[in-house]
Amino acid sequence: MKRLDEKWLKKLVQNCLRQYGRDAEAFPLTDSEWADLYEHIVSENKTHPEMDVYEIVHDVVYEYMTK
């Protein structure tokens, strides 16, 4: 399994949040929110290595936006 680059993931999450209507510049993620999302993405990637990282990020961000 490849190690997920945190900087790349952060950019991917921000793009995904933008698609769901959240302005990342006006309402940036807190350090705590980012840490939670990052850990959830890494955990899902370990649990489901067959899934594409883009799909995992979208699933995690969707869950975050709808909670």
# chains A, B, ... in the order shown; residues from 1 in each chain; ligands from 1

call {"tool": "select_by_dssp", "arguments": {"residues": "chain A", "states": "helix (DSSP H, G or I)", "output": "count of residues only"}}
result
45

call {"tool": "residues_around", "arguments": {"residues": "A:Cys16", "least_positions_apart": "2", "cutoff": "12 Å", "atoms": "only C-alpha atoms", "output": "list in words"}}
result
Leu9, Lys10, Lys11, Leu12, Val13, Gln14, Arg18, Gln19, Tyr20, Gly21, Arg22, Asp23, Ala24, Tyr54, Glu55, Ile56, Val57, His58, Asp59, Val60, Val61, Tyr62, Glu63, Tyr64 and Met65 of chain A

call {"tool": "decode", "arguments": {"residues": "stretch 3-15 of chain A", "atoms": "C-alpha atoms", "output": "PDB file, in the first residue's frame"}}
result
ATOM      1  CA  ARG A   3       1.613   6.064   1.806  1.00  0.00           C
ATOM      2  CA  LEU A   4      -0.911   8.807   1.211  1.00  0.00           C
ATOM      3  CA  ASP A   5       0.660  12.226   0.737  1.00  0.00           C
ATOM      4  CA  GLU A   6      -1.012  14.576   3.221  1.00  0.00           C
ATOM      5  CA  LYS A   7      -0.541  17.726   1.136  1.00  0.00           C
ATOM      6  CA  TRP A   8      -2.075  16.085  -1.943  1.00  0.00           C
ATOM      7  CA  LEU A   9      -4.967  14.702   0.107  1.00  0.00           C
ATOM      8  CA  LYS A  10      -5.649  18.114   1.629  1.00  0.00           C
ATOM      9  CA  LYS A  11      -5.933  19.639  -1.843  1.00  0.00           C
ATOM     10  CA  LEU A  12      -8.199  16.788  -2.954  1.00  0.00           C
ATOM     11  CA  VAL A  13     -10.423  17.236   0.117  1.00  0.00           C
ATOM     12  CA  GLN A  14     -10.636  21.004  -0.470  1.00  0.00           C
ATOM     13  CA  ASN A  15     -11.676  20.434  -4.090  1.00  0.00           C
TER      14      ASN A  15
END
